[in-house]
Amino acid sequence: MRSSQLFGKTLRQAPADAENISHKLLVRAGFIQQIAAGIFSLQPLGNRSITKIRNIIREEMDRVGGQEINMPVVQPRSLWEESGRADTFVPPLARFQDKRERDMVIAPTHEETATVMARAGVTSYRDLPFTIYQIQTKFRDETRPRGGLLRVREFEMKDAYSFDADEEGMDRSFQAMVTAYKRIFKRCGLDVVMVEADSGGIGGKDSNEFVLLTESGEDTILMSTESDYAANGEKASFIKKAFPIGELGEVEEFATPNIKTIEELAKAEDVSKSKTAKAVFYSVNDEIVVVTIRGDYDVNETKLRNVLGGAEPRLATPEEVKAAGLVSGSASAVGLTGMKSVVDDSITMGSNYLAGANKEGFHLRNVNLDRDFKADIIADIAEAKKGYLSPDGKGKLVAKRGIEVGHVFKLGTVYSSKMGANFTDEDGEQKDVMMGCYGIGVGRLLAAAVESNNDDFGMVLPQAIAPYAVYLAGLNLNDSDISDKAEQLYEALQSAGYDVLFDDRDIPAGVKFKDADLIGIPVRIVISSRSLENGGVEVKARTSKDSEIVAESDVLTSVKKLLV
RNA sequence: CGGGGCGUGGCGCAGUGGUAGCGCACCCGCUUUGGGAGCGGGGGGCCGCAGGUUCGAGUCCUGCCGCCCCGACCA
């Protein structure tokens with residue numbers, strides 16, 4: 001490609017809207033153009049990078065036996081009623097009615113259609129296993145898109161779905177995908193870690209995220225200092241401090257004027273926060289739920305949602321708390337009836353707690369679970385934090401930020417059972433298909449790659465995903481000797497199989513260098529009167545500071561050393 | 001959805017009631033050619049939208065829309 005023909009201009013200044021490095025650089029380099037919040041067009045350079053990423057993904061999916069398919073973006077809402085996600089998917093499904101007033105949705109993900117595909121295509125265990133995948137547009141009406149391509153509403157995702165006869169098969173399919181994912185990210189120049197994750201709106205039991213650790217990430221990742229334990233903050237667990245359980249004391253009420261928080265209560269009584277039972281009130285499906293957790297821990301709302309069966313909890317408003325007859329600042333589960341009680345298991349690792357008396361200005365001593373208040377659910381709903389003990393007993397947790405670039409799920413039969421995707425096994429029995437699903441955000445992957453590969457001058461893209469492998473700049477092109485040689489080099493490099501961007505523009509050298517750096521092309525070749533005087537052409541890697549002079553006849557050899 | 005900020009040429013910005021400007025980019029000419037060149041000339045604006053106040057509104061008032069950031073939320 002000749003720069004003089006290339007559509008798209010580089011910008012000296014990034015739009016004021018852009019804040020992330022990747023957002024700024026992708027816009028400045030002419031890769032992407034914003035159309036609306038979280039909605040982008042790809043310009044030629046950006047499209048080339050994305051195409052390369054897609055192809056890497058395809059190769060690795062095919063390598064582990066994936067078969068490419070394509071499913072519709074527009075789907076009848078009834079399909080989502082079958083799976084039960086029509087009203088529960090968060091963010092809300094984008095919906096519209098077609099001409100005949102039939103309810104339609106714009107797909108945010110494709111488990112339903114994939115299950116339908118399997119439902120029709122699988123009747124016998126002999127049809128299993130198989131894995132299908134697509135690279136397809138999704139739309140999620142995110143509450144808050146942000147960071148250029150990092151979090152968008154319309155986006156392209158590679159989504160794969162595996163179908164197996166039994167759990168062992170599903171595990172094998174899952175492992176194959178994990179292998180493929182690791183190769184994909186490595187080839188794209190991303191150093192990712194696989195962490196345990198919450199499966200959220202997709203469902204299923206186990207899920208893992210592939211995360212690029214970087215400060216600009218929006219997820220919190222907790223990792224052990226001494227083992228390979230790593231988990232998203234939504235999922236992370238830890239070993240809770242346990243205290244000896246003494247004899248249960250008598251409950252006694254005492255006055256606590258002006259004490260509203262656990263901190264104040266612990267301080268006033270001169271005890272550790274772990275001697276207090278904290279009550280937090282949530283609104284879940286318009287009902288108040290009381291959550292009790294030991295005062296030294298906080299509630300993890302994702303875990304809470306999961307123990308509540310998937311309904312989204314939200315902190316009750318002061319009005320709701322009051323309406324429920326509760327005394328904020330002095331509340332506890334003691335004596336409460338008619339509302340669901342969830343208790344974190346930390347409460348069972350101690351006794352004789354300080355807790356609210358449900359009476360303005362009073363608290364209670366020696367409060368104990370079962371005797372003084374009930375639990376409908378006892379579970380781990382505590383938020384892991386840095387410094388806590390790793391759940392495997394090895395080391396402490398540290399907190400990092402990360403960008404989720406891939407997510408793999410063991411779905412089991414959550415979709416197949418609801419949607420009737422079953423088969424007859426060897427014994428003639430009817431069984432639900434065991435599924436897995438596996439996603440990679442394609443645009444996000446590019447953004448993540450830029451986030452982790454840049455310097456003061458621009459992107460530093462690995463050859464695998466750079467729009468071009470070689471930037472060939474001819475200077476003093478009015479000199480026919482130089483322009484002839486530049487043309488010859490352009491031909492030769494292309495014949496050798498390299499993607500070459502030939503800067504044939506009649507502009508100052510500095511502009512060409514700036515553009516080459518900004519776009520992040522791995523190898524830059526300069527041919528000029530100066531280089532010829534020095535005995536050839538200049539070859540420079542984007543990653544190195546200095547260039548080397550190479551005889552014209554040796555250019556291909558020299559480039560070959562820097563590229564594959 | 002709560003809090004904050006911003007909407008003026010492709011991009012960055014100035015303009016607090018009186019003829020819409022600057023830098024970059026763009027077009028023409030000449031001079032230039034190793035890190036975003038110099039000189040000269042030129043084109044491009046429903047100042048987000050609607051209503052209002054005023055002799056007069058980019059500027060003041062009201063409403064709406066859009067975008068960004070923080071939070072909430074987030075396969």
# chains A, B, ... in the order shown; residues from 1 in each chain; ligands from 1

$ closest_atom_pairs --of "chain B" --to "chain A" --cutoff "10 Å" --atoms "only C-alpha atoms (C1' of nucleotides)" --output "tab-separated table"
residue	atom	partner	partner_atom	distance
B:C1	C1'	A:Thr143	CA	9.0
B:C6	C1'	A:Asp17	CA	9.3
B:G10	C1'	A:Lys9	CA	9.7
B:C11	C1'	A:Gln13	CA	6.3
B:G12	C1'	A:Gln13	CA	6.3
B:C24	C1'	A:Arg12	CA	7.3
B:A25	C1'	A:Leu11	CA	8.2
B:U32	C1'	A:Pro508	CA	8.7
B:U33	C1'	A:Pro508	CA	5.3
B:G34	C1'	A:Ala509	CA	6.0
B:G35	C1'	A:Gly510	CA	4.2
B:G36	C1'	A:Val511	CA	4.8
B:A37	C1'	A:Pro508	CA	6.9
B:G66	C1'	A:Ala36	CA	8.7
B:C67	C1'	A:Ala37	CA	7.2
B:C68	C1'	A:Asp17	CA	5.4
B:C69	C1'	A:Glu19	CA	8.9
B:A72	C1'	A:Arg314	CA	9.3
B:C73	C1'	A:Thr143	CA	6.7
B:C74	C1'	A:Pro91	CA	7.1
B:A75	C1'	A:Ile202	CA	5.5

$ residues_around --residues "Lys235 (chain A)" --least-positions-apart "6" --cutoff "10 Å" --atoms "only C-alpha atoms (C1' of nucleotides)" --output "PyMOL selection string"
chain A and resi 195-199+207+221-222+300+302-303+381-384

$ select_by_dssp --residues "region 243-407 of chain A" --states "strand (DSSP E or B)" --output "PyMOL selection string"
chain A and resi 252-255+276-284+287-294+299+313-315+340-344+353-359+362-367+369+373+377-379+382+389+396-407

$ residues_around --residues "A20 (chain B)" --least-positions-apart "2" --cutoff "10 Å" --atoms "only C-alpha atoms (C1' of nucleotides)" --output "ChimeraX atom specification"
/B:8,15,45,47,58

$ write_last_selection --atoms "C-alpha atoms (C1' of nucleotides)" --output "PDB file, in the first residue's frame"
ATOM      1  C1'   U B   8     -17.490  27.000  18.463  1.00  0.00           C
ATOM      2  C1'   G B  15     -13.860  34.218  22.442  1.00  0.00           C
ATOM      3  C1'   G B  45     -18.777  27.548  10.675  1.00  0.00           C
ATOM      4  C1'   C B  47     -21.166  28.564  17.598  1.00  0.00           C
ATOM      5  C1'   G B  58     -21.536  31.955  20.561  1.00  0.00           C
TER       6        G B  58
END

$ select_by_dssp --residues "region 140-256 of chain A" --states "helix (DSSP H, G or I)" --output "PyMOL selection string"
chain A and resi 148-150+167-187+200-202

$ atom_distance --atom1 "CA of Phe7 (chain A)" --atom2 "CA of Phe502 (chain A)"
13.5 Å

$ atom_distance --atom1 "CA of Arg95 (chain A)" --atom2 "CA of Arg153 (chain A)"
14.0 Å

$ residues_around --residues "U54 (chain B)" --least-positions-apart "2" --cutoff "9 Å" --atoms "only C-alpha atoms (C1' of nucleotides)" --output "list of chain:residue names"
B:G17, B:G56, B:A57

$ residues_around --residues "C65 (chain B)" --least-positions-apart "5" --cutoff "12 Å" --atoms "only C-alpha atoms (C1' of nucleotides)" --output "PyMOL selection string"
chain B and resi 7+48-50

$ residues_around --residues "G29 (chain B)" --least-positions-apart "6" --cutoff "12 Å" --atoms "only C-alpha atoms (C1' of nucleotides)" --output "ChimeraX atom specification"
/B:39-42

$ write_last_selection --atoms "N, CA, C and O atoms (P, O5', C5', C4', C3', O3' and C1' of nucleotides)" --output "tab-separated table (two decimals), in the first residue's frame"
chain	number	residue	atom	x	y	z
B	39	C	P	6.92	31.40	8.40
B	39	C	O5'	6.87	32.15	7.00
B	39	C	C5'	7.87	33.10	6.65
B	39	C	C4'	7.72	33.50	5.21
B	39	C	C3'	6.31	33.89	4.77
B	39	C	O3'	5.95	35.19	5.16
B	39	C	C1'	7.26	32.44	3.16
B	40	G	P	4.42	35.50	5.52
B	40	G	O5'	3.74	35.49	4.07
B	40	G	C5'	4.13	36.46	3.11
B	40	G	C4'	3.51	36.16	1.78
B	40	G	C3'	2.00	35.94	1.78
B	40	G	O3'	1.27	37.14	1.86
B	40	G	C1'	3.04	34.29	0.45
B	41	G	P	-0.17	37.13	2.57
B	41	G	O5'	-1.05	36.29	1.53
B	41	G	C5'	-1.42	36.88	0.29
B	41	G	C4'	-2.05	35.87	-0.62
B	41	G	C3'	-3.37	35.28	-0.17
B	41	G	O3'	-4.47	36.15	-0.37
B	41	G	C1'	-1.99	33.55	-0.95
B	42	G	P	-5.67	36.13	0.68
B	42	G	O5'	-6.32	34.70	0.42
B	42	G	C5'	-7.03	34.46	-0.78
B	42	G	C4'	-7.40	33.01	-0.91
B	42	G	C3'	-8.49	32.50	0.01
B	42	G	O3'	-9.78	32.90	-0.41
B	42	G	C1'	-6.76	30.89	-0.18

$ residues_around --residues "region 47-57 of chain A" --least-positions-apart "5" --cutoff "9 Å" --atoms "only C-alpha atoms (C1' of nucleotides)" --output "list of chain:residue names"
A:Phe31, A:Ile32, A:Ser41, A:Leu42, A:Asp62, A:Ile135, A:Lys158, A:Ala180, A:Tyr181, A:Ile184, A:Arg187, A:Cys188, A:Ile440, A:Val442, A:Gly443, A:Leu445, A:Leu446, A:Ala464, A:Ile465, A:Ala466, A:Pro467, A:Tyr468

$ decode --residues "region 475-507 of chain A" --atoms "N, CA and C atoms" --output "compact mmCIF listing (two decimals), in the first residue's frame"
# COMPACT_ATOMS: atom_id res chain seq x y z
N LEU A 475 12.92 9.06 1.02
CA LEU A 475 13.10 10.51 1.17
C LEU A 475 13.69 11.02 -0.15
N ASN A 476 13.64 12.29 -0.35
CA ASN A 476 14.15 12.90 -1.59
C ASN A 476 13.68 12.13 -2.81
N LEU A 477 12.38 11.92 -2.89
CA LEU A 477 11.87 11.08 -3.97
C LEU A 477 11.88 11.77 -5.33
N ASN A 478 12.19 13.08 -5.34
CA ASN A 478 12.33 13.76 -6.63
C ASN A 478 13.55 13.24 -7.36
N ASP A 479 14.47 12.73 -6.59
CA ASP A 479 15.67 12.13 -7.17
C ASP A 479 15.28 10.79 -7.77
N SER A 480 15.39 10.68 -9.08
CA SER A 480 14.86 9.49 -9.74
C SER A 480 15.62 8.23 -9.34
N ASP A 481 16.89 8.41 -9.01
CA ASP A 481 17.66 7.26 -8.56
C ASP A 481 17.04 6.69 -7.29
N ILE A 482 16.72 7.59 -6.35
CA ILE A 482 16.12 7.14 -5.09
C ILE A 482 14.73 6.57 -5.32
N SER A 483 13.93 7.28 -6.09
CA SER A 483 12.57 6.78 -6.27
C SER A 483 12.56 5.45 -7.00
N ASP A 484 13.46 5.27 -7.97
CA ASP A 484 13.54 3.97 -8.65
C ASP A 484 13.89 2.86 -7.67
N LYS A 485 14.89 3.16 -6.86
CA LYS A 485 15.32 2.14 -5.90
C LYS A 485 14.24 1.85 -4.87
N ALA A 486 13.53 2.89 -4.46
CA ALA A 486 12.44 2.70 -3.49
C ALA A 486 11.36 1.81 -4.10
N GLU A 487 11.04 2.09 -5.37
CA GLU A 487 10.02 1.27 -6.04
C GLU A 487 10.46 -0.18 -6.12
N GLN A 488 11.74 -0.37 -6.43
CA GLN A 488 12.25 -1.75 -6.54
C GLN A 488 12.16 -2.46 -5.18
N LEU A 489 12.54 -1.72 -4.13
CA LEU A 489 12.47 -2.31 -2.79
C LEU A 489 11.04 -2.66 -2.43
N TYR A 490 10.13 -1.76 -2.77
CA TYR A 490 8.71 -1.97 -2.49
C TYR A 490 8.26 -3.28 -3.14
N GLU A 491 8.63 -3.44 -4.40
CA GLU A 491 8.29 -4.68 -5.13
C GLU A 491 8.91 -5.90 -4.46
N ALA A 492 10.20 -5.77 -4.16
CA ALA A 492 10.93 -6.93 -3.63
C ALA A 492 10.38 -7.38 -2.29
N LEU A 493 10.07 -6.41 -1.44
CA LEU A 493 9.55 -6.76 -0.12
C LEU A 493 8.19 -7.43 -0.23
N GLN A 494 7.37 -6.90 -1.12
CA GLN A 494 6.05 -7.50 -1.32
C GLN A 494 6.16 -8.90 -1.90
N SER A 495 7.08 -9.07 -2.83
CA SER A 495 7.26 -10.39 -3.43
C SER A 495 7.74 -11.39 -2.39
N ALA A 496 8.49 -10.88 -1.41
CA ALA A 496 8.97 -11.76 -0.35
C ALA A 496 7.87 -12.08 0.66
N GLY A 497 6.68 -11.48 0.45
CA GLY A 497 5.54 -11.85 1.29
C GLY A 497 5.25 -10.90 2.44
N TYR A 498 5.92 -9.76 2.46
CA TYR A 498 5.67 -8.82 3.56
C TYR A 498 4.57 -7.83 3.21
N ASP A 499 3.81 -7.46 4.23
CA ASP A 499 2.85 -6.37 4.06
C ASP A 499 3.63 -5.08 4.20
N VAL A 500 3.63 -4.29 3.14
CA VAL A 500 4.47 -3.09 3.15
C VAL A 500 3.62 -1.84 3.00
N LEU A 501 3.87 -0.86 3.84
CA LEU A 501 3.29 0.46 3.65
C LEU A 501 4.42 1.34 3.13
N PHE A 502 4.28 1.76 1.88
CA PHE A 502 5.32 2.53 1.21
C PHE A 502 4.97 4.00 1.29
N ASP A 503 5.74 4.75 2.06
CA ASP A 503 5.46 6.17 2.19
C ASP A 503 6.07 6.94 1.04
N ASP A 504 5.25 7.15 0.02
CA ASP A 504 5.71 7.80 -1.21
C ASP A 504 5.29 9.26 -1.24
N ARG A 505 4.87 9.79 -0.10
CA ARG A 505 4.37 11.16 -0.08
C ARG A 505 5.52 12.16 -0.16
N ASP A 506 5.23 13.28 -0.80
CA ASP A 506 6.22 14.34 -0.92
C ASP A 506 6.11 15.26 0.28
N ILE A 507 6.57 14.79 1.40
CA ILE A 507 6.45 15.55 2.65
C ILE A 507 7.77 15.41 3.41
